[in-house]
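Coordinates from entry30.txt are shown below (compact mmCIF, C-alpha atoms).
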```
# COMPACT_ATOMS: atom_id res chain seq x y z
CA MET A 1 -92.67 38.14 151.60
CA SER A 2 -92.49 41.89 150.99
CA SER A 3 -89.06 43.48 151.12
CA VAL A 4 -88.07 46.16 153.62
CA LEU A 5 -86.50 47.83 150.59
CA THR A 6 -89.90 49.16 149.57
CA TRP A 7 -89.38 51.63 152.45
CA THR A 8 -93.15 51.78 152.93
CA ALA A 9 -94.40 50.12 156.11
CA PRO A 10 -97.53 47.93 155.98
CA ALA A 11 -100.70 49.61 157.22
CA GLY A 12 -100.81 49.72 160.99
CA ALA A 13 -97.20 48.63 161.39
CA ALA A 14 -95.30 50.14 164.31
CA THR A 15 -92.07 49.41 166.12
CA ALA A 16 -92.32 47.89 169.57
CA VAL A 17 -89.70 50.30 170.84
CA GLY A 18 -88.50 53.60 169.45
CA SER A 19 -86.88 56.90 170.31
CA ARG A 20 -88.14 60.39 169.52
CA ARG A 21 -85.34 60.84 166.99
CA LEU A 22 -86.43 57.66 165.19
CA ALA A 23 -90.04 58.84 165.21
CA ALA A 24 -88.98 62.21 163.77
CA LEU A 25 -86.97 60.52 161.03
CA GLN A 26 -89.78 58.13 160.13
CA ALA A 27 -92.26 61.00 159.97
CA SER A 28 -90.10 62.87 157.47
CA HIS A 29 -89.81 62.25 153.75
CA HIS A 30 -86.15 61.39 154.38
CA ALA A 31 -86.92 58.15 156.22
CA MET A 32 -85.30 55.47 154.05
CA TRP A 33 -85.68 57.43 150.79
CA ASN A 34 -89.34 58.19 151.29
CA TYR A 35 -89.65 59.91 147.92
CA VAL A 36 -90.15 58.62 144.36
CA THR A 37 -87.42 56.02 143.91
CA TYR A 38 -86.27 53.63 141.23
CA ARG A 39 -88.18 50.86 143.00
CA ASP A 40 -91.31 53.01 142.91
CA ALA A 41 -90.93 53.45 139.15
CA ILE A 42 -90.40 49.70 138.80
CA ALA A 43 -93.67 49.10 140.65
CA VAL A 44 -95.64 51.68 138.65
CA LEU A 45 -94.41 50.20 135.39
CA GLY A 46 -95.18 46.63 136.49
CA LEU A 47 -91.56 45.53 136.16
CA ASP A 48 -89.92 42.93 138.39
CA ALA A 49 -87.39 44.35 140.86
CA ALA A 50 -85.82 40.91 141.26
CA ASP A 51 -85.02 40.87 137.53
CA LEU A 52 -83.47 44.34 137.55
CA TYR A 53 -81.73 43.88 140.91
CA PRO A 54 -80.61 40.23 141.10
CA GLU A 55 -79.57 39.19 144.61
CA GLY A 56 -80.68 42.59 145.92
CA THR A 57 -78.04 44.64 144.08
CA THR A 58 -78.64 48.37 143.60
CA ARG A 59 -77.16 48.73 140.13
CA LEU A 60 -79.37 48.71 137.07
CA PRO A 61 -78.48 46.45 134.11
CA ASP A 62 -75.71 47.63 131.80
CA ASP A 63 -78.10 48.66 129.02
CA TRP A 64 -79.84 51.21 131.27
CA ALA A 65 -78.79 54.86 131.30
CA ASP A 66 -78.48 55.45 135.04
CA LEU A 67 -78.40 59.23 135.43
CA GLY A 68 -79.65 59.25 139.01
CA TRP A 69 -77.10 57.59 141.27
CA LEU A 70 -74.26 60.03 141.94
CA THR A 71 -71.12 58.04 141.45
CA CYS A 72 -68.63 58.83 138.70
CA PHE A 73 -69.04 56.29 135.92
CA HIS A 74 -65.61 57.29 134.61
CA GLY A 75 -64.23 55.56 137.70
CA PRO A 76 -63.00 53.83 139.67
CA PRO A 77 -59.44 54.72 138.67
CA ARG A 78 -57.47 51.73 137.48
CA SER A 79 -54.72 52.79 139.87
CA ALA A 80 -57.13 52.49 142.80
CA VAL A 81 -58.34 49.05 141.76
CA GLU A 82 -54.77 47.81 141.40
CA ALA A 83 -53.81 49.27 144.78
CA MET A 84 -56.75 47.54 146.49
CA ARG A 85 -55.93 44.21 144.85
CA SER A 86 -52.37 44.47 146.06
CA ALA A 87 -53.54 45.37 149.57
CA LEU A 88 -55.98 42.47 149.82
CA GLU A 89 -53.90 40.12 151.91
CA PRO A 90 -54.36 38.48 155.34
CA ALA A 91 -52.51 41.27 157.17
CA ALA A 92 -55.05 43.79 155.92
CA LEU A 93 -57.95 41.73 157.27
CA SER A 94 -56.66 40.27 160.53
CA VAL A 95 -56.01 43.51 162.45
CA TYR A 96 -57.95 46.63 163.32
CA PRO A 97 -56.47 49.36 161.11
CA PRO A 98 -56.21 53.04 162.08
CA ASP A 99 -58.88 55.49 161.02
CA LEU A 100 -56.37 56.64 158.36
CA ILE A 101 -52.82 55.74 157.50
CA GLU A 102 -50.56 58.80 157.61
CA PRO A 103 -49.92 59.12 153.84
CA LEU A 104 -53.68 59.15 153.22
CA ARG A 105 -54.22 61.73 155.95
CA ASP A 106 -51.67 63.94 154.20
CA GLU A 107 -53.18 63.35 150.75
CA ALA A 108 -56.68 64.20 151.94
CA ALA A 109 -55.41 67.48 153.42
CA ARG A 110 -53.68 68.26 150.12
CA ALA A 111 -56.94 67.63 148.23
CA LEU A 112 -58.61 70.13 150.56
CA GLY A 113 -55.89 72.70 149.92
CA ARG A 114 -54.95 72.97 153.60
CA PRO A 115 -51.76 71.72 155.32
CA ARG A 116 -52.04 69.58 158.42
CA ASP A 117 -50.87 71.67 161.35
CA GLU A 118 -51.90 72.73 164.84
CA THR A 119 -55.10 74.24 163.43
CA PHE A 120 -56.17 71.59 160.89
CA GLU A 121 -56.35 67.79 161.04
CA VAL A 122 -58.02 65.04 158.98
CA ILE A 123 -59.74 61.88 160.22
CA GLY A 124 -61.27 58.95 158.37
CA THR A 125 -65.00 58.23 158.16
CA GLU A 126 -67.30 55.77 156.38
CA GLY A 127 -68.01 58.13 153.51
CA ALA A 128 -68.82 61.84 153.65
CA GLN A 129 -72.22 61.04 155.17
CA ALA A 130 -70.52 59.62 158.27
CA GLY A 131 -68.37 62.75 158.44
CA LEU A 132 -71.46 64.94 158.39
CA THR A 133 -73.11 62.83 161.08
CA LEU A 134 -70.09 62.82 163.38
CA ALA A 135 -69.76 66.60 163.07
CA LEU A 136 -73.46 67.03 163.87
CA LEU A 137 -73.28 64.68 166.85
CA ALA A 138 -70.35 66.71 168.15
CA ALA A 139 -72.15 70.04 167.70
CA ILE A 140 -75.83 69.63 168.50
CA ASP A 141 -78.11 68.33 171.24
CA PRO A 142 -81.67 67.05 170.79
CA GLY A 143 -83.95 69.89 169.73
CA ASP A 144 -81.14 72.09 168.41
CA GLU A 145 -81.57 73.64 164.97
CA VAL A 146 -79.34 73.25 161.93
CA VAL A 147 -79.64 75.65 158.98
CA LEU A 148 -79.26 74.21 155.49
CA GLY A 149 -80.30 74.99 151.94
CA GLU A 150 -82.99 73.43 149.78
CA PRO A 151 -83.22 72.02 147.22
CA GLY A 152 -80.24 70.16 148.60
CA TYR A 153 -78.36 66.96 149.28
CA PHE A 154 -80.82 64.10 149.91
CA HIS A 155 -79.40 62.76 153.15
CA LEU A 156 -78.28 65.88 155.01
CA PRO A 157 -81.67 66.54 156.68
CA ALA A 158 -81.78 62.85 157.61
CA ALA A 159 -78.42 63.17 159.37
CA VAL A 160 -79.72 66.18 161.31
CA LEU A 161 -82.82 64.25 162.38
CA ALA A 162 -80.80 61.18 163.35
CA ALA A 163 -78.62 63.38 165.55
CA GLY A 164 -81.75 64.65 167.29
CA GLY A 165 -81.69 68.03 165.58
CA VAL A 166 -84.25 70.08 163.68
CA PRO A 167 -83.49 70.98 160.04
CA VAL A 168 -84.25 74.62 159.24
CA THR A 169 -84.21 75.19 155.50
CA VAL A 170 -83.61 78.31 153.45
CA ALA A 171 -84.53 78.42 149.77
CA ILE A 172 -81.90 78.11 147.04
CA GLY A 173 -82.97 79.26 143.59
CA PRO A 174 -82.44 81.75 140.77
CA GLU A 175 -82.78 84.67 143.17
CA THR A 176 -79.72 83.40 145.11
CA GLY A 177 -77.70 82.30 142.09
CA TYR A 178 -78.60 78.71 143.07
CA ARG A 179 -76.23 79.06 146.04
CA LEU A 180 -76.74 79.28 149.80
CA ASP A 181 -77.38 82.95 150.62
CA PRO A 182 -75.61 84.13 153.83
CA ASP A 183 -78.29 86.78 154.43
CA ALA A 184 -81.02 84.13 154.32
CA VAL A 185 -78.99 81.97 156.69
CA ALA A 186 -78.56 84.90 159.08
CA ALA A 187 -82.32 85.48 159.06
CA ALA A 188 -82.93 81.81 159.92
CA ILE A 189 -80.67 81.78 162.99
CA THR A 190 -82.47 81.55 166.34
CA PRO A 191 -81.30 80.95 169.92
CA ARG A 192 -81.66 77.21 169.21
CA THR A 193 -79.36 77.22 166.17
CA ARG A 194 -76.12 75.26 166.64
CA ALA A 195 -74.84 74.58 163.12
CA ILE A 196 -74.91 75.69 159.48
CA CYS A 197 -74.43 73.20 156.64
CA LEU A 198 -73.01 74.29 153.30
CA VAL A 199 -72.91 71.74 150.46
CA ASP A 200 -70.24 73.17 148.18
CA PRO A 201 -70.51 72.55 145.24
CA SER A 202 -74.25 72.32 145.69
CA ASN A 203 -76.06 69.08 145.08
CA PRO A 204 -77.97 69.13 142.71
CA TYR A 205 -76.92 72.36 140.96
CA GLY A 206 -73.12 72.10 140.82
CA THR A 207 -72.74 75.77 141.79
CA VAL A 208 -69.88 76.88 144.03
CA ALA A 209 -70.10 79.38 146.89
CA THR A 210 -68.09 82.54 146.28
CA ALA A 211 -65.19 83.42 148.57
CA ASP A 212 -67.26 86.28 149.99
CA GLU A 213 -70.18 83.95 150.72
CA VAL A 214 -67.96 81.44 152.53
CA ALA A 215 -66.36 84.27 154.50
CA ALA A 216 -69.80 85.60 155.46
CA LEU A 217 -70.98 82.16 156.60
CA THR A 218 -67.77 81.66 158.58
CA ALA A 219 -68.25 85.03 160.27
CA LEU A 220 -71.85 84.09 161.12
CA ALA A 221 -70.68 80.86 162.71
CA GLU A 222 -68.03 82.64 164.75
CA ARG A 223 -70.37 85.44 165.84
CA HIS A 224 -73.09 83.06 167.04
CA GLY A 225 -70.86 80.25 168.31
CA LEU A 226 -72.06 77.80 165.64
CA LEU A 227 -70.33 75.04 163.70
CA LEU A 228 -70.05 75.57 159.93
CA ILE A 229 -70.04 72.17 158.21
CA GLN A 230 -68.88 72.39 154.60
CA ASP A 231 -69.43 69.29 152.45
CA VAL A 232 -67.02 69.57 149.53
CA THR A 233 -67.56 66.04 148.18
CA HIS A 234 -68.00 67.17 144.55
CA SER A 235 -65.31 69.84 144.57
CA LEU A 236 -62.46 67.84 143.05
CA LEU A 237 -63.98 67.79 139.54
CA ALA A 238 -64.00 71.09 137.64
CA ILE A 239 -66.64 71.35 134.91
CA ASP A 240 -65.81 75.00 134.26
CA PRO A 241 -62.03 75.11 133.68
CA ASP A 242 -61.96 78.56 135.26
CA ALA A 243 -63.86 77.54 138.40
CA PRO A 244 -61.89 78.54 141.51
CA PRO A 245 -60.84 75.78 143.92
CA VAL A 246 -63.00 75.04 146.95
CA THR A 247 -60.91 75.49 150.10
CA PRO A 248 -62.38 75.06 153.60
CA PRO A 249 -62.09 78.17 155.77
CA ALA A 250 -59.71 78.27 158.73
CA GLY A 251 -60.91 78.65 162.29
CA GLU A 252 -62.33 76.81 165.27
CA HIS A 253 -65.90 77.01 163.96
CA ALA A 254 -65.49 75.25 160.60
CA VAL A 255 -65.08 71.66 159.44
CA ALA A 256 -65.10 70.07 155.99
CA THR A 257 -66.08 66.63 154.80
CA PHE A 258 -65.63 64.79 151.50
CA SER A 259 -65.21 61.26 150.21
CA ILE A 260 -63.88 59.18 147.36
CA SER A 261 -67.38 57.88 146.62
CA HIS A 262 -68.73 60.29 144.03
CA CYS A 263 -65.84 61.88 142.16
CA PHE A 264 -63.83 58.67 141.94
CA GLY A 265 -66.65 56.19 141.31
CA MET A 266 -65.81 54.32 144.50
CA ALA A 267 -69.05 54.41 146.49
CA GLY A 268 -68.61 50.77 147.46
CA ALA A 269 -65.33 51.53 149.21
CA ARG A 270 -67.20 53.62 151.82
CA LEU A 271 -64.33 55.89 152.73
CA GLY A 272 -64.48 59.59 153.50
CA PHE A 273 -62.76 62.32 155.45
CA LEU A 274 -63.64 64.89 158.10
CA ALA A 275 -61.24 67.77 158.65
CA GLY A 276 -61.02 70.70 161.01
CA PRO A 277 -59.62 71.85 164.36
CA PRO A 278 -57.57 69.02 165.97
CA VAL A 279 -59.40 69.20 169.31
CA LEU A 280 -62.77 68.80 167.60
CA MET A 281 -61.43 66.05 165.33
CA ARG A 282 -60.28 64.14 168.41
CA GLY A 283 -63.78 64.47 169.83
CA CYS A 284 -65.28 63.20 166.57
CA LEU A 285 -62.93 60.21 166.67
CA ARG A 286 -64.18 59.40 170.14
CA LEU A 287 -67.75 59.49 168.85
CA LYS A 288 -66.74 57.27 165.95
CA ALA A 289 -65.10 54.77 168.31
CA ALA A 290 -68.28 54.65 170.40
CA LEU A 291 -70.49 54.08 167.35
CA THR A 292 -68.52 51.95 164.87
CA ARG A 293 -65.01 51.58 166.35
CA LEU A 294 -62.15 53.77 165.33
CA ASN A 295 -61.02 51.80 162.31
CA THR A 296 -61.55 52.33 158.57
CA ASN A 297 -61.13 49.57 155.98
CA LEU A 298 -57.43 49.32 155.11
CA VAL A 299 -57.99 47.96 151.61
CA SER A 300 -60.23 50.94 150.84
CA GLN A 301 -57.59 53.26 152.28
CA ARG A 302 -54.97 51.98 149.85
CA GLY A 303 -57.37 52.50 146.98
CA ALA A 304 -58.24 56.00 148.16
CA LEU A 305 -54.58 56.94 148.42
CA ALA A 306 -53.96 55.84 144.83
CA ALA A 307 -57.11 57.63 143.62
CA LEU A 308 -56.25 60.96 145.24
CA ARG A 309 -52.77 60.82 143.68
CA ASP A 310 -54.08 60.02 140.19
CA ALA A 311 -54.14 63.39 138.41
CA ARG A 312 -54.60 61.70 135.03
CA TYR A 313 -57.87 60.15 136.20
CA VAL A 314 -59.25 63.49 137.39
CA ALA A 315 -58.41 65.14 134.06
CA GLY A 316 -60.10 62.31 132.17
CA ALA A 317 -63.23 62.45 134.32
CA GLU A 318 -63.49 66.21 133.86
CA ALA A 319 -63.17 65.87 130.09
CA ALA A 320 -65.94 63.23 130.00
CA ILE A 321 -68.28 65.39 132.09
CA ARG A 322 -67.65 68.49 129.98
CA ALA A 323 -68.46 66.51 126.83
CA ASN A 324 -71.71 65.32 128.43
CA VAL A 325 -72.68 68.88 129.35
CA ALA A 326 -72.21 69.87 125.72
CA ARG A 327 -74.31 66.89 124.62
CA LEU A 328 -77.01 67.83 127.14
CA ASP A 329 -77.11 71.37 125.76
CA ALA A 330 -77.77 69.94 122.29
CA THR A 331 -80.44 67.60 123.68
CA LEU A 332 -82.35 70.36 125.46
CA ALA A 333 -82.15 72.98 122.70
CA PRO A 334 -85.06 71.69 120.56
CA VAL A 335 -87.22 70.50 123.48
CA ASP A 336 -89.81 72.87 124.96
CA GLY A 337 -90.72 72.84 128.63
CA ILE A 338 -87.43 71.71 130.15
CA ASP A 339 -84.13 73.54 130.59
CA LEU A 340 -80.89 73.42 132.53
CA ALA A 341 -81.64 75.24 135.80
CA VAL A 342 -78.13 76.68 136.01
CA ARG A 343 -74.80 75.78 134.43
CA PRO A 344 -72.77 73.66 136.88
CA SER A 345 -69.19 74.65 137.56
CA ARG A 346 -67.92 71.74 139.69
CA GLY A 347 -68.85 68.14 140.44
CA LEU A 348 -70.86 65.65 138.43
CA ALA A 349 -74.46 66.77 138.96
CA CYS A 350 -76.84 69.23 137.40
CA ALA A 351 -80.54 70.01 137.67
CA LEU A 352 -83.11 70.27 134.93
CA GLU A 353 -86.10 72.55 135.50
CA LEU A 354 -89.54 71.74 134.12
CA ALA A 355 -92.05 74.45 133.27
CA ASP A 356 -94.61 75.14 136.02
CA ASP A 357 -97.47 74.50 133.60
CA GLY A 358 -96.06 71.19 132.37
CA PRO A 359 -95.92 67.65 133.74
CA THR A 360 -94.30 67.00 137.09
CA ALA A 361 -90.79 65.71 137.57
CA GLN A 362 -92.30 62.56 139.08
CA GLU A 363 -94.32 61.80 135.93
CA LEU A 364 -91.32 62.47 133.70
CA MET A 365 -89.18 60.22 135.90
CA VAL A 366 -91.55 57.28 135.30
CA ALA A 367 -91.82 58.02 131.57
CA LEU A 368 -88.03 58.03 131.28
CA PHE A 369 -87.72 54.87 133.36
CA ALA A 370 -90.05 53.15 130.90
CA ARG A 371 -87.38 53.96 128.30
CA ARG A 372 -84.45 52.66 130.37
CA VAL A 373 -83.35 56.08 131.61
CA ALA A 374 -83.20 56.48 135.39
CA VAL A 375 -83.21 59.92 137.03
CA TYR A 376 -84.20 61.35 140.42
CA PRO A 377 -87.04 63.87 140.75
CA GLY A 378 -86.89 66.83 143.10
CA ASP A 379 -89.16 65.57 145.89
CA GLY A 380 -86.15 64.14 147.74
CA LEU A 381 -84.34 67.46 147.55
CA GLY A 382 -86.82 69.57 149.50
CA ASP A 383 -90.18 71.31 149.27
CA THR A 384 -88.80 74.01 146.99
CA ARG A 385 -89.27 72.98 143.34
CA ALA A 386 -90.12 69.42 144.38
CA ALA A 387 -92.42 68.98 141.38
CA THR A 388 -90.29 70.71 138.75
CA THR A 389 -86.68 69.60 139.36
CA VAL A 390 -84.91 66.57 137.89
CA ARG A 391 -81.34 65.78 138.96
CA LEU A 392 -78.93 64.27 136.43
CA ASN A 393 -75.57 62.55 136.79
CA LEU A 394 -73.24 64.09 134.19
CA SER A 395 -70.56 61.40 134.38
CA ALA A 396 -72.46 58.68 132.51
CA PRO A 397 -70.89 57.06 129.43
CA ALA A 398 -71.45 58.91 126.16
CA TRP A 399 -73.93 56.27 124.95
CA ALA A 400 -76.16 56.98 127.95
CA MET A 401 -76.40 60.66 127.09
CA GLU A 402 -77.11 59.72 123.49
CA HIS A 403 -79.91 57.47 124.69
CA LEU A 404 -81.36 60.34 126.76
CA ASP A 405 -81.21 62.51 123.64
CA ALA A 406 -83.18 59.90 121.71
CA VAL A 407 -86.00 59.49 124.22
CA LEU A 408 -86.39 62.76 126.16
CA GLY A 409 -88.84 64.45 123.80
CA GLU A 410 -91.04 61.36 123.58
CA ALA A 411 -90.99 60.83 127.37
CA LEU A 412 -91.84 64.47 128.04
CA ALA A 413 -94.77 64.33 125.61
CA GLU A 414 -96.06 61.13 127.21
CA ALA A 415 -95.84 62.65 130.69
CA ALA A 416 -97.59 65.83 129.51
CA ALA A 417 -100.42 63.74 128.03
CA GLY A 418 -101.16 62.35 131.50
CA ARG A 419 -100.16 58.72 130.84
CA TRP A 420 -98.69 58.33 134.33
CA ARG A 421 -100.76 60.93 136.18
CA GLU A 422 -103.02 58.68 138.24
CA PRO A 423 -100.50 55.88 138.95
CA VAL A 424 -97.95 58.43 140.19
CA ALA A 425 -100.53 60.27 142.30
CA GLU A 426 -101.65 57.00 143.89
CA LEU A 427 -98.04 56.03 144.59
CA LEU A 428 -97.36 59.36 146.29
CA GLU A 429 -100.41 58.97 148.50
CA THR A 430 -99.02 55.70 149.85
CA LYS A 431 -95.97 57.56 151.17
CA GLY A 432 -98.04 59.06 153.97
CA THR A 433 -96.14 62.35 154.30
CA ALA A 434 -97.38 65.90 153.92
CA ARG A 435 -95.02 66.52 151.03
CA ALA A 436 -96.18 63.41 149.19
CA THR A 437 -99.85 64.37 149.65
CA MET A 438 -99.11 67.87 148.33
CA LEU A 439 -97.31 66.41 145.31
CA ALA A 440 -100.13 63.97 144.61
CA ALA A 441 -102.53 66.91 144.41
CA ARG A 442 -100.12 68.76 142.12
CA VAL A 443 -99.86 65.72 139.83
CA ARG A 444 -103.63 65.40 139.60
CA ARG A 445 -104.02 69.05 138.64
CA GLY A 446 -102.23 68.24 135.40
CA SER A 447 -100.49 70.62 133.06
```

Would it be possible to restate this file's structure as structure tokens?
Amino acid sequence: MSSVLTWTAPAGAATAVGSRRLAALQASHHAMWNYVTYRDAIAVLGLDAADLYPEGTTRLPDDWADLGWLTCFHGPPRSAVEAMRSALEPAALSVYPPDLIEPLRDEAARALGRPRDETFEVIGTEGAQAGLTLALLAAIDPGDEVVLGEPGYFHLPAAVLAAGGVPVTVAIGPETGYRLDPDAVAAAITPRTRAICLVDPSNPYGTVATADEVAALTALAERHGLLLIQDVTHSLLAIDPDAPPVTPPAGEHAVATFSISHCFGMAGARLGFLAGPPVLMRGCLRLKAALTRLNTNLVSQRGALAALRDARYVAGAEAAIRANVARLDATLAPVDGIDLAVRPSRGLACALELADDGPTAQELMVALFARRVAVYPGDGLGDTRAATTVRLNLSAPAWAMEHLDAVLGEALAEAAAGRWREPVAELLETKGTARATMLAARVRRGS
């Protein structure tokens, strides 16, 4: 029996019932990770997914350098684990808890650098993704447009589509400082626009919007009656010690979302936060109650509270990431054809950029996977630089970065020689999307 986790439907398969928003999502490359995935690399290499993922787990074996999944491998904080163990008692499981306990609501506001008052409130969500989705459901109707940057966060366009909206992308690249350009956003606004999404720090680049850029985006939202959604999930970890803090703007047209998933290595806890004007937050809570009930796991809440209060953990995670950036610099220095796209200043992600006349990111991804290094290529991040971008997790243990150092040159040479050219092109063609077809042609052109 084939697994639904392949994300590729059998030929001729169709749902018996389905909405237009589901059809739009399935037609996009965002439908259930419809880009080159770990499972795709496993298939191309002839490996057995059941061996690598026993019982359907999503974590690679311990001797693999997983530089793709964005969760902080320095975490979870010991304080958070201890707090969750202490909280795991019948009383935590036998009642419906609130969306957030009050101390955690306060701590989340503190992490955002804004006090809770008559203009700013925090609610609990099932990760930052749920916060994004609730904000979109509150702001847009079917057919409305949402402006966002690309390359960008994998699942943001999917959330727009699931809410019935239309993603409108503007390019992020060297000409914009690898940040979302307010002038480009302004040019993309139409009468159908209802929201702007700013991922800050950016995913995958780790760049942070300047204060002037955030102010300009806020002014755009206010002038056009739009909602500015700022995802600050990666903001709590400073790679550059001099990087300014990321603080959500004030006003009725702005909300912020973040989680404990990435920076604290607690993706399994599924707990995030959405913050903004109290009236809008109350509306988002009503949407949450209609979709998943109001409540958020109480055991996870206790762990999140301990994590957000653990300054020693944050300092340790930052130190580990900075050491890995230095190691990555040394790895890339002698290797031709691949460079750091831009130096990250916050978070735990960065992007590597391949030369236009070299192998594709998809071929390099498979070559690295053959050497027990897992990364994500740029085709999930958008059309822009889909074939030349590789995203890396900078929080991996030191041995993982050492392993990357040992195999990168060999993997790049193998990819450039065309070892994986035809298998990768054939795989892309099975995806059935315009982007995948375009990438397959790019792969076949060779270097």

Problem set entry | Answer as an MDAnalysis selection string, residues within 12 Å of (-100.4, 62.0, 128.9) using all atoms listed in the file | chainID A and resid 358:360 363:364 366:367 410:423 443:444 446:447

Need the axis-aligned box for range 94-104 of chain A with 3 Å each side, so what are the centre and edges in Å to one decimal, as lines of an AutoDock Vina configuration file?
```
center_x = -54.4
center_y = 49.7
center_z = 158.3
size_x = 15.0
size_y = 24.9
size_z = 16.1
```

List as CSV every residue of range 367-441 of chain A that is in contact with range 152-176 of chain A, defined as an atom at most 9 Å from one of its atoms (using all atoms listed in the file), together with the nearest atom pair and the distance in Å rounded to one decimal, sorted by chain and then rising number.
```
residue,atom,partner,partner_atom,distance
A:Gly380,CA,A:Phe154,CA,5.8
A:Leu381,CA,A:Gly152,CA,5.0
A:Gly382,CA,A:Gly152,CA,6.7
A:Thr384,CA,A:Ala171,CA,6.7
A:Arg385,CA,A:Gly173,CA,8.9
```

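CA of His74 in chain A is positioned 17.7 Å from CA of Leu305 in chain A.
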
Problem set entry | Pairwise distance for CA of Arg293 in chain A and CA of Ala16 in chain A, rounded to one decimal in Å | 27.7 Å

Closest atom pairs, range 274-353 of chain A residues within 12 Å of range 103-118 of chain A, all atoms listed in the file, as CSV:
```
residue,atom,partner,partner_atom,distance
A:Leu274,CA,A:Ala108,CA,9.3
A:Ala275,CA,A:Ala109,CA,7.8
A:Gly276,CA,A:Arg116,CA,9.4
A:Pro277,CA,A:Glu118,CA,7.8
A:Pro278,CA,A:Glu118,CA,6.9
A:Val279,CA,A:Glu118,CA,9.4
A:Leu280,CA,A:Glu118,CA,11.9
A:Met281,CA,A:Glu118,CA,11.6
A:Thr296,CA,A:Leu104,CA,11.7
A:Leu298,CA,A:Leu104,CA,10.7
A:Ser300,CA,A:Leu104,CA,10.8
A:Gln301,CA,A:Leu104,CA,7.1
A:Arg302,CA,A:Leu104,CA,8.0
A:Gly303,CA,A:Leu104,CA,9.8
A:Ala304,CA,A:Leu104,CA,7.5
A:Leu305,CA,A:Leu104,CA,5.4
A:Ala306,CA,A:Leu104,CA,9.0
A:Ala307,CA,A:Glu107,CA,9.9
A:Leu308,CA,A:Glu107,CA,6.7
A:Arg309,CA,A:Glu107,CA,7.5
A:Asp310,CA,A:Glu107,CA,11.1
A:Ala311,CA,A:Ala111,CA,11.1
A:Val314,CA,A:Ala111,CA,11.8
```

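The residue that comes closest to Met365 in chain A, out of A:Thr257, A:Thr389, A:Ser345, A:Gln230 and on the basis of all atoms listed in the file, is A:Thr389.
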
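The space between CA of Asp329 in chain A and CA of Gly149 in chain A spans 26.6 Å.
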
Sorted per-residue table, range 88-205 of chain A near range 212-216 of chain A, closest atoms and distance, 10 Å, all atoms listed in the file, as a tab-separated table:
```
residue	atom	partner	partner_atom	distance
A:Arg179	CA	A:Glu213	CA	9.1
A:Leu180	CA	A:Glu213	CA	8.1
A:Asp181	CA	A:Glu213	CA	7.3
A:Pro182	CA	A:Ala216	CA	6.2
A:Asp183	CA	A:Ala216	CA	8.6
A:Val185	CA	A:Ala216	CA	10.0
A:Ala186	CA	A:Ala216	CA	9.5
A:Leu198	CA	A:Val214	CA	8.8
A:Asp200	CA	A:Val214	CA	9.6
```

Writing out the chosen residues with C-alpha atoms as a tab-separated table (two decimals), in the coordinates of the input:
```tsv
chain	number	residue	atom	x	y	z
A	179	ARG	CA	-76.23	79.06	146.04
A	180	LEU	CA	-76.74	79.28	149.80
A	181	ASP	CA	-77.38	82.95	150.62
A	182	PRO	CA	-75.61	84.13	153.83
A	183	ASP	CA	-78.29	86.78	154.43
A	185	VAL	CA	-78.99	81.97	156.69
A	186	ALA	CA	-78.56	84.90	159.08
A	198	LEU	CA	-73.01	74.29	153.30
A	200	ASP	CA	-70.24	73.17	148.18
```

Contacts of Ala27 in chain A at 9 Å (all atoms listed in the file; same-chain gap of 4+ positions) as a compact mmCIF listing (two decimals) with C-alpha atoms, in the coordinates of the input:
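New file around_21.txt:
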```txt
# COMPACT_ATOMS: atom_id res chain seq x y z
CA LEU A 22 -86.43 57.66 165.19
CA ALA A 23 -90.04 58.84 165.21
CA ALA A 31 -86.92 58.15 156.22
CA GLY A 432 -98.04 59.06 153.97
CA THR A 433 -96.14 62.35 154.30
```

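Among the candidate residues A:Leu236, A:Ala219, A:Val146, A:Leu100, the one lying nearest to Thr190 in chain A is A:Val146, with distances computed using only C-alpha atoms.
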
Problem set entry | Nearest-residue call for Asp99 in chain A, choices A:Leu132, A:Ala221, A:Val373, A:Leu294, using only C-alpha atoms | A:Leu294
